[in-house]
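Listing of structure-v3.pdb, PDB, C-alpha atoms
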ATOM      1  CA  MET A  76      15.748 -10.683   5.377
ATOM      2  CA  ASN A  77      13.437  -8.235   3.566
ATOM      3  CA  ALA A  78      12.689  -8.301  -0.174
ATOM      4  CA  ARG A  79      15.153  -5.586  -1.159
ATOM      5  CA  LYS A  80      18.034  -7.251   0.725
ATOM      6  CA  ALA A  81      17.042 -10.560  -0.855
ATOM      7  CA  LEU A  82      17.654  -9.126  -4.310
ATOM      8  CA  ASP A  83      20.973  -7.596  -3.259
ATOM      9  CA  ASP A  84      22.206 -10.929  -1.894
ATOM     10  CA  PRO A  85      24.688 -12.617  -4.312
ATOM     11  CA  THR A  86      23.065 -15.963  -3.498
ATOM     12  CA  ALA A  87      19.712 -14.528  -4.590
ATOM     13  CA  GLU A  88      21.355 -13.414  -7.831
ATOM     14  CA  GLU A  89      22.382 -17.030  -8.424
ATOM     15  CA  ALA A  90      18.844 -18.207  -7.615
ATOM     16  CA  ILE A  91      17.455 -15.830 -10.230
ATOM     17  CA  GLU A  92      19.912 -17.169 -12.812
ATOM     18  CA  TRP A  93      18.759 -20.721 -12.090
ATOM     19  CA  MET A  94      15.080 -19.745 -12.326
ATOM     20  CA  VAL A  95      15.606 -18.052 -15.663
ATOM     21  CA  LEU A  96      17.425 -21.122 -16.999
ATOM     22  CA  LEU A  97      14.669 -23.482 -15.882
ATOM     23  CA  ARG A  98      11.931 -21.242 -17.338
ATOM     24  CA  SER A  99      13.799 -20.888 -20.645
ATOM     25  CA  GLY A 100      13.103 -24.471 -21.714
ATOM     26  CA  GLU A 101      16.810 -24.842 -22.483
ATOM     27  CA  ALA A 102      17.923 -26.627 -19.280
ATOM     28  CA  THR A 103      19.707 -29.971 -19.792
ATOM     29  CA  PRO A 104      19.830 -32.999 -17.448
ATOM     30  CA  ASP A 105      23.302 -31.833 -16.393
ATOM     31  CA  ASP A 106      21.825 -28.429 -15.471
ATOM     32  CA  TYR A 107      19.298 -30.083 -13.170
ATOM     33  CA  GLN A 108      22.088 -32.051 -11.482
ATOM     34  CA  ARG A 109      24.132 -28.872 -11.002
ATOM     35  CA  LEU A 110      21.060 -27.110  -9.556
ATOM     36  CA  SER A 111      20.587 -29.940  -7.038
ATOM     37  CA  ALA A 112      24.213 -29.612  -5.987
ATOM     38  CA  TRP A 113      23.882 -25.816  -5.716
ATOM     39  CA  ARG A 114      20.762 -26.014  -3.528
ATOM     40  CA  VAL A 115      22.427 -28.180  -0.850
ATOM     41  CA  ARG A 116      25.136 -25.587  -0.185
ATOM     42  CA  PRO A 117      24.643 -23.451   2.979
ATOM     43  CA  GLY A 118      22.102 -20.660   2.467
ATOM     44  CA  ASN A 119      21.222 -21.536  -1.112
ATOM     45  CA  ALA A 120      17.988 -23.390  -0.396
ATOM     46  CA  GLN A 121      16.774 -20.477   1.740
ATOM     47  CA  ALA A 122      17.565 -17.975  -1.026
ATOM     48  CA  TRP A 123      15.714 -20.155  -3.539
ATOM     49  CA  GLU A 124      12.618 -20.286  -1.323
ATOM     50  CA  ARG A 125      12.688 -16.521  -0.694
ATOM     51  CA  ILE A 126      12.760 -15.690  -4.413
ATOM     52  CA  GLN A 127      10.119 -18.313  -5.193
ATOM     53  CA  GLY A 128       7.884 -16.839  -2.494
ATOM     54  CA  MET A 129       8.246 -13.329  -3.902
ATOM     55  CA  LEU A 130       7.245 -14.539  -7.362
ATOM     56  CA  GLN A 131       4.276 -16.529  -6.057
ATOM     57  CA  ARG A 132       2.925 -13.527  -4.138
ATOM     58  CA  SER A 133       3.377 -11.378  -7.228
ATOM     59  CA  PHE A 134       1.486 -13.869  -9.432
ATOM     60  CA  ALA A 135      -1.422 -14.371  -6.980
ATOM     61  CA  PRO A 136      -3.762 -11.771  -8.549
ATOM     62  CA  VAL A 137      -3.223 -13.320 -11.987
ATOM     63  CA  LEU A 138      -4.143 -16.786 -10.726
ATOM     64  CA  GLU A 139      -7.398 -15.336  -9.375
ATOM     65  CA  VAL A 140      -8.188 -13.954 -12.844
ATOM     66  CA  ASP A 141      -7.240 -17.307 -14.411
ATOM     67  CA  ALA A 142      -9.979 -18.972 -12.380
ATOM     68  CA  ARG A 143     -12.503 -16.765 -14.235
ATOM     69  CA  ALA A 144     -10.764 -16.586 -17.648
ATOM     70  CA  GLN A 145      -8.710 -19.716 -18.173
ATOM     71  CA  GLY A 146      -5.432 -19.372 -19.999
ATOM     72  CA  GLN A 147      -4.522 -15.926 -18.690
ATOM     73  CA  ALA A 148      -1.912 -17.244 -16.246
ATOM     74  CA  GLN A 149      -0.119 -18.895 -19.157
ATOM     75  CA  ALA A 150      -0.223 -15.596 -21.040
ATOM     76  CA  VAL A 151       1.363 -13.896 -18.032
ATOM     77  CA  GLU A 152       4.054 -16.545 -17.926
ATOM     78  CA  ARG A 153       4.893 -15.862 -21.573
ATOM     79  CA  ILE A 154       5.122 -12.114 -20.973
ATOM     80  CA  VAL A 155       7.334 -12.384 -17.896
ATOM     81  CA  SER A 156       9.468 -15.404 -18.655
ATOM     82  CA  ARG A 157       9.726 -15.831 -22.411
ATOM     83  CA  PRO A 158      11.456 -12.811 -23.967
ATOM     84  CA  ALA A 159      14.564 -13.240 -26.093
ATOM     85  CA  PRO A 160      17.258 -15.215 -24.197
ATOM     86  CA  ALA A 161      19.449 -12.171 -23.580
ATOM     87  CA  GLY A 162      16.561 -10.390 -21.886
ATOM     88  CA  ARG A 163      15.098 -13.133 -19.712
ATOM     89  CA  ARG A 164      17.071 -12.412 -16.576
ATOM     90  CA  LYS A 165      16.423  -8.671 -16.941
ATOM     91  CA  VAL A 166      12.663  -9.200 -17.218
ATOM     92  CA  LEU A 167      12.560 -11.575 -14.248
ATOM     93  CA  ARG A 168      14.576  -9.193 -12.101
ATOM     94  CA  SER A 169      12.285  -6.345 -13.185
ATOM     95  CA  THR A 170       9.299  -8.409 -12.060
ATOM     96  CA  LEU A 171      10.901  -8.868  -8.648
ATOM     97  CA  ALA A 172      11.722  -5.158  -8.474
ATOM     98  CA  LEU A 173       8.063  -4.375  -9.143
ATOM     99  CA  ALA A 174       7.060  -6.732  -6.341
ATOM    100  CA  ILE A 175       9.429  -4.874  -3.989
ATOM    101  CA  ALA A 176       7.860  -1.568  -5.037
ATOM    102  CA  GLY A 177       4.436  -2.953  -4.164
ATOM    103  CA  ILE A 178       3.456  -3.527  -7.805
ATOM    104  CA  GLY A 179       2.524  -7.174  -8.323
ATOM    105  CA  THR A 180       2.808  -9.136 -11.538
ATOM    106  CA  GLY A 181      -0.963  -8.890 -11.861
ATOM    107  CA  ILE A 182      -0.651  -5.114 -12.174
ATOM    108  CA  LEU A 183       2.317  -5.440 -14.532
ATOM    109  CA  VAL A 184       0.391  -7.755 -16.844
ATOM    110  CA  ASN A 185      -2.714  -5.602 -16.503
ATOM    111  CA  ARG A 186      -0.651  -2.834 -18.140
ATOM    112  CA  PHE A 187      -0.311  -5.074 -21.232
ATOM    113  CA  HIS A 188      -3.748  -6.732 -21.184
ATOM    114  CA  PRO A 189      -6.419  -4.850 -19.149
ATOM    115  CA  LEU A 190      -7.911  -7.448 -16.802
ATOM    116  CA  LEU A 191     -11.253  -5.658 -16.442
ATOM    117  CA  ALA A 192     -11.718  -5.652 -20.232
ATOM    118  CA  TRP A 193     -12.209  -9.419 -20.295
ATOM    119  CA  ARG A 194     -15.574  -8.949 -18.565
ATOM    120  CA  SER A 195     -16.772  -5.882 -20.545
ATOM    121  CA  ASP A 196     -18.939  -5.580 -23.665
ATOM    122  CA  LEU A 197     -16.530  -3.179 -25.385
ATOM    123  CA  HIS A 198     -12.886  -2.509 -24.609
ATOM    124  CA  THR A 199      -9.644  -1.189 -26.013
ATOM    125  CA  ALA A 200      -6.104  -2.354 -25.364
ATOM    126  CA  THR A 201      -3.137  -0.340 -24.171
ATOM    127  CA  GLY A 202      -2.407   2.365 -26.746
ATOM    128  CA  GLU A 203      -5.547   1.631 -28.782
ATOM    129  CA  ARG A 204      -8.375   4.043 -29.670
ATOM    130  CA  GLN A 205     -11.558   2.802 -31.287
ATOM    131  CA  ARG A 206     -14.811   4.149 -32.744
ATOM    132  CA  VAL A 207     -17.904   2.018 -32.160
ATOM    133  CA  ASP A 208     -21.224   2.536 -33.968
ATOM    134  CA  LEU A 209     -24.250   1.686 -31.829
ATOM    135  CA  PRO A 210     -27.477   0.173 -33.180
ATOM    136  CA  ASP A 211     -29.550   3.357 -32.637
ATOM    137  CA  GLY A 212     -27.230   5.512 -34.780
ATOM    138  CA  SER A 213     -25.215   6.857 -31.840
ATOM    139  CA  SER A 214     -21.477   6.263 -31.632
ATOM    140  CA  LEU A 215     -18.715   6.020 -29.056
ATOM    141  CA  VAL A 216     -15.018   6.771 -29.350
ATOM    142  CA  LEU A 217     -13.097   4.830 -26.723
ATOM    143  CA  ASN A 218      -9.772   6.053 -25.397
ATOM    144  CA  ALA A 219      -6.962   3.557 -24.745
ATOM    145  CA  ARG A 220      -7.602   0.926 -22.032
ATOM    146  CA  THR A 221     -11.288   1.861 -21.851
ATOM    147  CA  ALA A 222     -13.934  -0.697 -20.852
ATOM    148  CA  VAL A 223     -17.695  -0.190 -21.153
ATOM    149  CA  ASP A 224     -20.900  -2.194 -20.849
ATOM    150  CA  ILE A 225     -23.936  -1.499 -23.071
ATOM    151  CA  ASP A 226     -27.467  -1.653 -21.636
ATOM    152  CA  TYR A 227     -30.090  -0.856 -24.289
ATOM    153  CA  ARG A 228     -33.729  -1.449 -23.319
ATOM    154  CA  PRO A 229     -37.123  -0.044 -24.440
ATOM    155  CA  GLY A 230     -37.052   2.994 -22.146
ATOM    156  CA  LEU A 231     -33.331   3.638 -21.694
ATOM    157  CA  ARG A 232     -29.932   3.645 -23.404
ATOM    158  CA  ARG A 233     -27.248   3.227 -20.738
ATOM    159  CA  ILE A 234     -23.482   3.126 -21.265
ATOM    160  CA  ARG A 235     -21.641   1.929 -18.161
ATOM    161  CA  LEU A 236     -18.079   3.311 -18.217
ATOM    162  CA  GLN A 237     -15.937   0.955 -16.144
ATOM    163  CA  GLN A 238     -12.591   2.633 -16.718
ATOM    164  CA  VAL A 239     -10.784   5.471 -18.515
ATOM    165  CA  GLU A 240     -12.670   7.594 -21.060
ATOM    166  CA  LEU A 241     -15.087   7.915 -23.956
ATOM    167  CA  ILE A 242     -16.760  10.476 -26.195
ATOM    168  CA  ALA A 243     -20.427   9.855 -27.036
ATOM    169  CA  THR A 244     -22.178  11.258 -30.106
ATOM    170  CA  VAL A 245     -25.876  10.700 -29.480
ATOM    171  CA  ALA A 246     -28.713  10.081 -31.946
ATOM    172  CA  ALA A 247     -31.928  11.779 -30.813
ATOM    173  CA  ASP A 248     -34.619   9.512 -29.331
ATOM    174  CA  PRO A 249     -36.962  11.299 -26.864
ATOM    175  CA  ALA A 250     -38.489   7.989 -25.763
ATOM    176  CA  ARG A 251     -35.126   6.547 -24.700
ATOM    177  CA  PRO A 252     -32.772   8.790 -22.711
ATOM    178  CA  PHE A 253     -29.049   8.253 -23.333
ATOM    179  CA  VAL A 254     -26.874   8.194 -20.197
ATOM    180  CA  VAL A 255     -23.215   7.454 -19.502
ATOM    181  CA  GLU A 256     -22.891   6.059 -16.003
ATOM    182  CA  THR A 257     -19.854   5.648 -13.755
ATOM    183  CA  GLU A 258     -19.609   4.681 -10.103
ATOM    184  CA  HIS A 259     -19.710   8.411  -9.294
ATOM    185  CA  GLY A 260     -22.950   9.332 -11.062
ATOM    186  CA  GLN A 261     -24.370   9.710 -14.552
ATOM    187  CA  ALA A 262     -24.316  12.174 -17.436
ATOM    188  CA  ARG A 263     -27.532  12.360 -19.478
ATOM    189  CA  ALA A 264     -27.490  13.670 -23.028
ATOM    190  CA  LEU A 265     -29.663  16.705 -23.715
ATOM    191  CA  GLY A 266     -27.879  17.264 -27.035
ATOM    192  CA  THR A 267     -25.400  15.398 -29.171
ATOM    193  CA  ARG A 268     -21.750  15.121 -28.106
ATOM    194  CA  PHE A 269     -19.956  14.902 -24.758
ATOM    195  CA  LEU A 270     -16.956  13.351 -23.010
ATOM    196  CA  VAL A 271     -16.897  11.328 -19.776
ATOM    197  CA  ARG A 272     -13.713  10.291 -17.978
ATOM    198  CA  HIS A 273     -13.604   7.847 -15.071
ATOM    199  CA  GLU A 274     -10.917   8.580 -12.455
ATOM    200  CA  ALA A 275     -10.181   6.877  -9.140
ATOM    201  CA  GLN A 276     -11.972   9.352  -6.870
ATOM    202  CA  ARG A 277     -14.223  11.209  -9.300
ATOM    203  CA  SER A 278     -15.486  11.453 -12.874
ATOM    204  CA  LEU A 279     -15.251  14.265 -15.415
ATOM    205  CA  ALA A 280     -18.026  15.275 -17.829
ATOM    206  CA  LEU A 281     -17.267  17.754 -20.621
ATOM    207  CA  VAL A 282     -19.846  19.042 -23.112
ATOM    208  CA  LEU A 283     -18.513  19.285 -26.667
ATOM    209  CA  GLU A 284     -21.826  20.107 -28.349
ATOM    210  CA  HIS A 285     -25.227  21.211 -26.983
ATOM    211  CA  SER A 286     -25.882  20.174 -23.348
ATOM    212  CA  ILE A 287     -26.016  17.409 -20.741
ATOM    213  CA  ARG A 288     -27.324  16.931 -17.219
ATOM    214  CA  VAL A 289     -25.094  15.394 -14.543
ATOM    215  CA  ASP A 290     -26.850  13.557 -11.689
ATOM    216  CA  THR A 291     -25.200  12.228  -8.531
ATOM    217  CA  ALA A 292     -26.186  11.550  -4.940
ATOM    218  CA  ALA A 293     -25.025  15.141  -4.259
ATOM    219  CA  GLY A 294     -27.521  16.697  -6.707
ATOM    220  CA  GLU A 295     -27.587  17.659 -10.388
ATOM    221  CA  ASP A 296     -26.192  20.257 -12.784
ATOM    222  CA  VAL A 297     -27.018  21.175 -16.386
ATOM    223  CA  LEU A 298     -24.022  21.998 -18.585
ATOM    224  CA  GLN A 299     -23.794  23.797 -21.912
ATOM    225  CA  ALA A 300     -21.211  23.409 -24.678
ATOM    226  CA  GLY A 301     -17.693  24.096 -23.387
ATOM    227  CA  GLN A 302     -18.582  23.531 -19.737
ATOM    228  CA  ALA A 303     -17.275  20.699 -17.575
ATOM    229  CA  VAL A 304     -17.690  19.302 -14.066
ATOM    230  CA  PHE A 305     -15.869  16.907 -11.778
ATOM    231  CA  TYR A 306     -18.324  14.846  -9.756
ATOM    232  CA  ASN A 307     -18.783  12.021  -7.293
ATOM    233  CA  ALA A 308     -21.379  11.066  -4.683
ATOM    234  CA  ARG A 309     -20.303  13.937  -2.394
ATOM    235  CA  ALA A 310     -20.063  16.910  -4.747
ATOM    236  CA  ILE A 311     -20.415  18.338  -8.249
ATOM    237  CA  GLU A 312     -17.698  20.901  -8.949
ATOM    238  CA  ARG A 313     -17.582  23.128 -12.033
ATOM    239  CA  ALA A 314     -14.195  23.048 -13.786
ATOM    240  CA  ALA A 315     -12.575  26.429 -14.341
ATOM    241  CA  GLY A 316     -11.540  27.616 -17.792
ATOM    242  CA  ASP A 317     -11.814  25.973 -21.197
ATOM    243  CA  MET A 318     -11.536  22.176 -20.918
ATOM    244  CA  SER A 319     -12.075  21.383 -24.604
ATOM    245  CA  SER A 320      -8.412  20.361 -25.033
ATOM    246  CA  ARG A 321      -9.209  17.314 -22.881
ATOM    247  CA  ALA A 322     -10.738  15.772 -26.012
ATOM    248  CA  ALA A 323      -7.514  16.031 -28.069
ATOM    249  CA  TRP A 324      -6.759  12.348 -27.451
ATOM    250  CA  VAL A 325      -9.271  11.577 -30.232
ATOM    251  CA  ASP A 326      -6.601  12.877 -32.630
ATOM    252  CA  GLY A 327      -3.752  11.174 -30.783
ATOM    253  CA  MET A 328      -2.589  14.276 -28.950
ATOM    254  CA  LEU A 329      -2.212  15.262 -25.311
ATOM    255  CA  VAL A 330      -2.720  19.025 -24.972
ATOM    256  CA  VAL A 331      -1.748  20.402 -21.562
ATOM    257  CA  ASP A 332      -2.470  23.965 -20.456
ATOM    258  CA  ASP A 333      -0.882  24.657 -17.057
ATOM    259  CA  GLN A 334      -1.862  21.302 -15.553
ATOM    260  CA  PRO A 335       0.042  19.390 -12.857
ATOM    261  CA  LEU A 336       2.462  16.703 -13.984
ATOM    262  CA  ALA A 337       0.302  14.178 -12.130
ATOM    263  CA  ASP A 338      -2.483  14.804 -14.685
ATOM    264  CA  VAL A 339      -0.048  14.327 -17.564
ATOM    265  CA  VAL A 340       1.134  11.001 -16.134
ATOM    266  CA  GLU A 341      -2.472   9.897 -15.649
ATOM    267  CA  ALA A 342      -3.243  10.710 -19.294
ATOM    268  CA  LEU A 343      -0.268   8.784 -20.705
ATOM    269  CA  ARG A 344      -0.748   5.641 -18.569
ATOM    270  CA  PRO A 345      -3.371   4.123 -20.921
ATOM    271  CA  TYR A 346      -0.818   4.424 -23.736
ATOM    272  CA  ARG A 347       2.065   2.721 -21.959
ATOM    273  CA  ALA A 348       2.413  -0.993 -21.248
ATOM    274  CA  GLY A 349       4.772  -0.408 -18.324
ATOM    275  CA  TYR A 350       3.950   1.268 -15.027
ATOM    276  CA  VAL A 351       4.697   4.949 -14.365
ATOM    277  CA  ARG A 352       5.238   6.280 -10.837
ATOM    278  CA  VAL A 353       5.723   9.997 -10.126
ATOM    279  CA  SER A 354       6.956  11.350  -6.782
ATOM    280  CA  PRO A 355       4.662  13.668  -4.776
ATOM    281  CA  ALA A 356       7.018  16.637  -5.288
ATOM    282  CA  ALA A 357       7.317  16.166  -9.057
ATOM    283  CA  SER A 358       3.593  15.528  -9.453
ATOM    284  CA  GLN A 359       2.797  19.141  -8.520
ATOM    285  CA  LEU A 360       4.956  20.727 -11.264
ATOM    286  CA  ARG A 361       2.947  22.593 -13.891
ATOM    287  CA  VAL A 362       3.097  21.533 -17.536
ATOM    288  CA  LEU A 363       2.315  23.392 -20.758
ATOM    289  CA  GLY A 364       2.543  21.848 -24.216
ATOM    290  CA  ALA A 365       1.210  19.436 -26.825
ATOM    291  CA  PHE A 366       2.539  15.885 -27.052
ATOM    292  CA  PRO A 367       1.837  12.864 -29.333
ATOM    293  CA  LEU A 368       0.252  10.087 -27.296
ATOM    294  CA  ASP A 369       1.378   7.338 -29.637
ATOM    295  CA  ASP A 370       5.053   7.825 -28.728
ATOM    296  CA  THR A 371       5.215   7.901 -24.933
ATOM    297  CA  ASP A 372       8.987   7.393 -24.846
ATOM    298  CA  ASN A 373       9.418  10.642 -26.759
ATOM    299  CA  LEU A 374       6.845  12.308 -24.492
ATOM    300  CA  LEU A 375       8.834  11.315 -21.405
ATOM    301  CA  ARG A 376      12.093  12.521 -22.992
ATOM    302  CA  SER A 377      10.489  15.880 -23.790
ATOM    303  CA  LEU A 378       9.354  16.281 -20.197
ATOM    304  CA  ALA A 379      12.823  15.404 -18.865
ATOM    305  CA  GLN A 380      14.457  17.910 -21.230
ATOM    306  CA  THR A 381      12.149  20.815 -20.377
ATOM    307  CA  MET A 382      11.441  20.285 -16.678
ATOM    308  CA  PRO A 383      13.570  19.879 -13.523
ATOM    309  CA  ILE A 384      12.814  16.158 -13.298
ATOM    310  CA  SER A 385      14.605  12.863 -13.782
ATOM    311  CA  VAL A 386      12.976  10.014 -15.687
ATOM    312  CA  ARG A 387      14.478   6.639 -14.805
ATOM    313  CA  HIS A 388      13.578   3.307 -16.445
ATOM    314  CA  VAL A 389      13.781   0.122 -14.358
ATOM    315  CA  GLY A 390      12.556  -2.620 -16.678
ATOM    316  CA  PRO A 391       8.851  -1.908 -17.271
ATOM    317  CA  LEU A 392       8.783   0.597 -14.393
ATOM    318  CA  VAL A 393       9.304   4.348 -15.007
ATOM    319  CA  LEU A 394      10.222   6.492 -11.995
ATOM    320  CA  ILE A 395       9.778  10.280 -12.245
ATOM    321  CA  ASP A 396      11.264  12.485  -9.538
ATOM    322  CA  MET A 397      12.798  15.908  -8.987
ATOM    323  CA  LYS A 398      16.403  16.328 -10.108
TER     324      LYS A 398
END
Translate the structure of the given file into structure tokens.
Amino acid sequence: MNARKALDDPTAEEAIEWMVLLRSGEATPDDYQRLSAWRVRPGNAQAWERIQGMLQRSFAPVLEVDARAQGQAQAVERIVSRPAPAGRRKVLRSTLALAIAGIGTGILVNRFHPLLAWRSDLHTATGERQRVDLPDGSSLVLNARTAVDIDYRPGLRRIRLQQVELIATVAADPARPFVVETEHGQARALGTRFLVRHEAQRSLALVLEHSIRVDTAAGEDVLQAGQAVFYNARAIERAAGDMSSRAAWVDGMLVVDDQPLADVVEALRPYRAGYVRVSPAASQLRVLGAFPLDDTDNLLRSLAQTMPISVRHVGPLVLIDMK
């Protein structure tokens, strides 16, 4: 029996109810006796083992993190299993639904508490923006769920952007170049203020003031204020049009000018604890507008009201598709 059929099985429903009761801390000795009697009935033990196996596979990535940062598995347990009594079964079933969709509990919990951040010098949580003053007089503004490492040495100031996005305002120091590095290449300040965004397959550099130089294995490019490039080890590609609105997140806004819905979803993910999945067809729709990032529920409602899409909530999972 596959995972989806396991959840549709009435016996599996009963197994989930028992698991929620045991995890609630409210089970009595009589409850344990009734569970023992339930498990010996035909098919019940198998259903119990199937659901237990699904949960164990879903928790595996979190246990790996717990080996490096003790206590995180317990935090996951609290998130998944300890909401208000009326919501416990709903949260547990949502966790199983995420496992069916290929989204493990590790990813679910990572939406609440970024796992990579635990190993980074500076980081922000989901929905959090932060300004950081550096010892040389430079400063960084970190977007939500951003993680960076700082490497200051006599001949170099390096900011390693591990995930999401930052804006750097750079204090002049000719003896120590200032670079923001991602896995795709690096952007070196030739002036004062620029944005770098780390994406899965590429990075974006946008000059807000003065100029920068982008270096990758594919070559280099010098950019002036208002110019932007997407880059990785294979190519450096100039972005068309004015990209300055990409920095609006500093003021808590998402400004979209004829961009695909996939880009909008990517921008709101750092502000949402749950997981958002958009279908391939819906992801290509074009979007125009300005939306507050600090209220993603309202943002999603606005999109559903103005576009031919459906927005469906399944526990912490949001599914966006064509109507």
Convert the output of the PyMOL selection byres ((chain A and resi 265) around 6) on the shown file into explicit residues, formatted as a PyMOL selection string.
chain A and resi 264+266+286-287
Straight-line distance linking CA of Tyr227 (chain A) with CA of Thr244 (chain A), stated in Å to one decimal:
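If I compute the distance from CA of Tyr227 (chain A) to CA of Thr244 (chain A), I get 15.6 Å.
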So what does the PyMOL selection byres ((chain A and resi 357) around 8) actually pick up in this one, as a list in words?
Leu336, Ala337, Val353, Ser354, Pro355, Ala356, Ser358, Gln359, Leu360, Ile384, Ile395, Asp396 and Met397 of chain A
Interface rows for region 254-337 of chain A against region 234-238 of chain A: nearest pair, Å to one decimal, 12 Å, all atoms listed in the file, as JSON lines:
{"residue": "A:Val254", "atom": "CA", "partner": "A:Ile234", "partner_atom": "CA", "distance": 6.2}
{"residue": "A:Val255", "atom": "CA", "partner": "A:Ile234", "partner_atom": "CA", "distance": 4.7}
{"residue": "A:Glu256", "atom": "CA", "partner": "A:Arg235", "partner_atom": "CA", "distance": 4.8}
{"residue": "A:Thr257", "atom": "CA", "partner": "A:Leu236", "partner_atom": "CA", "distance": 5.3}
{"residue": "A:Glu258", "atom": "CA", "partner": "A:Gln237", "partner_atom": "CA", "distance": 8.0}
{"residue": "A:His259", "atom": "CA", "partner": "A:Leu236", "partner_atom": "CA", "distance": 10.4}
{"residue": "A:Gly260", "atom": "CA", "partner": "A:Arg235", "partner_atom": "CA", "distance": 10.3}
{"residue": "A:Gln261", "atom": "CA", "partner": "A:Arg235", "partner_atom": "CA", "distance": 9.0}
{"residue": "A:Ala262", "atom": "CA", "partner": "A:Ile234", "partner_atom": "CA", "distance": 9.9}
{"residue": "A:Arg263", "atom": "CA", "partner": "A:Ile234", "partner_atom": "CA", "distance": 10.2}
{"residue": "A:Ala264", "atom": "CA", "partner": "A:Ile234", "partner_atom": "CA", "distance": 11.4}
{"residue": "A:Leu270", "atom": "CA", "partner": "A:Leu236", "partner_atom": "CA", "distance": 11.2}
{"residue": "A:Val271", "atom": "CA", "partner": "A:Leu236", "partner_atom": "CA", "distance": 8.3}
{"residue": "A:Arg272", "atom": "CA", "partner": "A:Gln238", "partner_atom": "CA", "distance": 7.8}
{"residue": "A:His273", "atom": "CA", "partner": "A:Gln238", "partner_atom": "CA", "distance": 5.6}
{"residue": "A:Glu274", "atom": "CA", "partner": "A:Gln238", "partner_atom": "CA", "distance": 7.5}
{"residue": "A:Ala275", "atom": "CA", "partner": "A:Gln238", "partner_atom": "CA", "distance": 9.0}
{"residue": "A:Gln276", "atom": "CA", "partner": "A:Gln238", "partner_atom": "CA", "distance": 11.9}
{"residue": "A:Arg277", "atom": "CA", "partner": "A:Gln238", "partner_atom": "CA", "distance": 11.5}
{"residue": "A:Ser278", "atom": "CA", "partner": "A:Gln238", "partner_atom": "CA", "distance": 10.0}
{"residue": "A:Leu279", "atom": "CA", "partner": "A:Leu236", "partner_atom": "CA", "distance": 11.7}
{"residue": "A:Ala280", "atom": "CA", "partner": "A:Leu236", "partner_atom": "CA", "distance": 12.0}
Selection under test: the PyMOL selection byres ((chain A and resi 205-218) around 8); residues as a list in words:
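What the PyMOL selection byres ((chain A and resi 205-218) around 8) grabs from the file is His198, Thr199, Glu203, Arg204, Ala219, Arg220, Thr221, Val239, Glu240, Leu241, Ile242, Ala243, Thr244, Val245, Ala246, Trp324 and Val325 of chain A.
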Please work out which residues fall within 9 Å of (-12.7, 22.3, -21.6), coordinates as given in the file, with all atoms listed in the file counting, and return them as a VMD selection string.
chain A and resid 281 to 283 301 to 303 314 to 322
Judged by only C-alpha atoms, the minimum distance to Ala200 (chain A) among A:Trp123, A:Trp113, A:Tyr346, A:Phe305 is found for A:Tyr346
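Straight-line separation from CA of Arg352 (chain A) to CA of Gly327 (chain A): 22.4 Å.
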Could you please determine the separation between CA of Phe366 (chain A) and CA of Glu312 (chain A) in Å, to one decimal place?
27.6 Å
If I wrap all listed atoms of region 234-251 of chain A in a box with edges along x, y and z and add 8 Å on each side, what are its centre and edge lengths in Å to one decimal, as JSON?
{"center_x": -24.6, "center_y": 6.4, "center_z": -24.0, "size_x": 43.7, "size_y": 26.8, "size_z": 31.8}
List the neighbours of Leu329 (chain A) out to 12 Å using only C-alpha atoms; skip same-chain residues closer than 5 positions along the sequence, and give me the result as a short mmCIF file (atom, residue, chain, number, x, y, z; two decimals) with C-alpha atoms, keeping the file's coordinate frame.
data_model
loop_
_atom_site.label_atom_id
_atom_site.label_comp_id
_atom_site.auth_asym_id
_atom_site.auth_seq_id
_atom_site.Cartn_x
_atom_site.Cartn_y
_atom_site.Cartn_z
CA ASN A 218 -9.77 6.05 -25.40
CA SER A 319 -12.08 21.38 -24.60
CA SER A 320 -8.41 20.36 -25.03
CA ARG A 321 -9.21 17.31 -22.88
CA ALA A 322 -10.74 15.77 -26.01
CA ALA A 323 -7.51 16.03 -28.07
CA TRP A 324 -6.76 12.35 -27.45
CA GLN A 334 -1.86 21.30 -15.55
CA ASP A 338 -2.48 14.80 -14.68
CA VAL A 339 -0.05 14.33 -17.56
CA VAL A 340 1.13 11.00 -16.13
CA GLU A 341 -2.47 9.90 -15.65
CA ALA A 342 -3.24 10.71 -19.29
CA LEU A 343 -0.27 8.78 -20.70
CA ARG A 344 -0.75 5.64 -18.57
CA TYR A 346 -0.82 4.42 -23.74
CA VAL A 362 3.10 21.53 -17.54
CA LEU A 363 2.32 23.39 -20.76
CA GLY A 364 2.54 21.85 -24.22
CA ALA A 365 1.21 19.44 -26.82
CA PHE A 366 2.54 15.88 -27.05
CA PRO A 367 1.84 12.86 -29.33
CA LEU A 368 0.25 10.09 -27.30
CA ASP A 369 1.38 7.34 -29.64
CA ASP A 370 5.05 7.82 -28.73
CA THR A 371 5.22 7.90 -24.93
CA LEU A 374 6.84 12.31 -24.49
#
Using all atoms listed in the file, collect all residues at a distance of at most 12 Å from (21.0, -27.8, -20.6) as written in the file, then present them as JSON, numbers by chain.
{"A": [93, 96, 97, 98, 99, 100, 101, 102, 103, 104, 105, 106, 107, 108, 109, 110]}
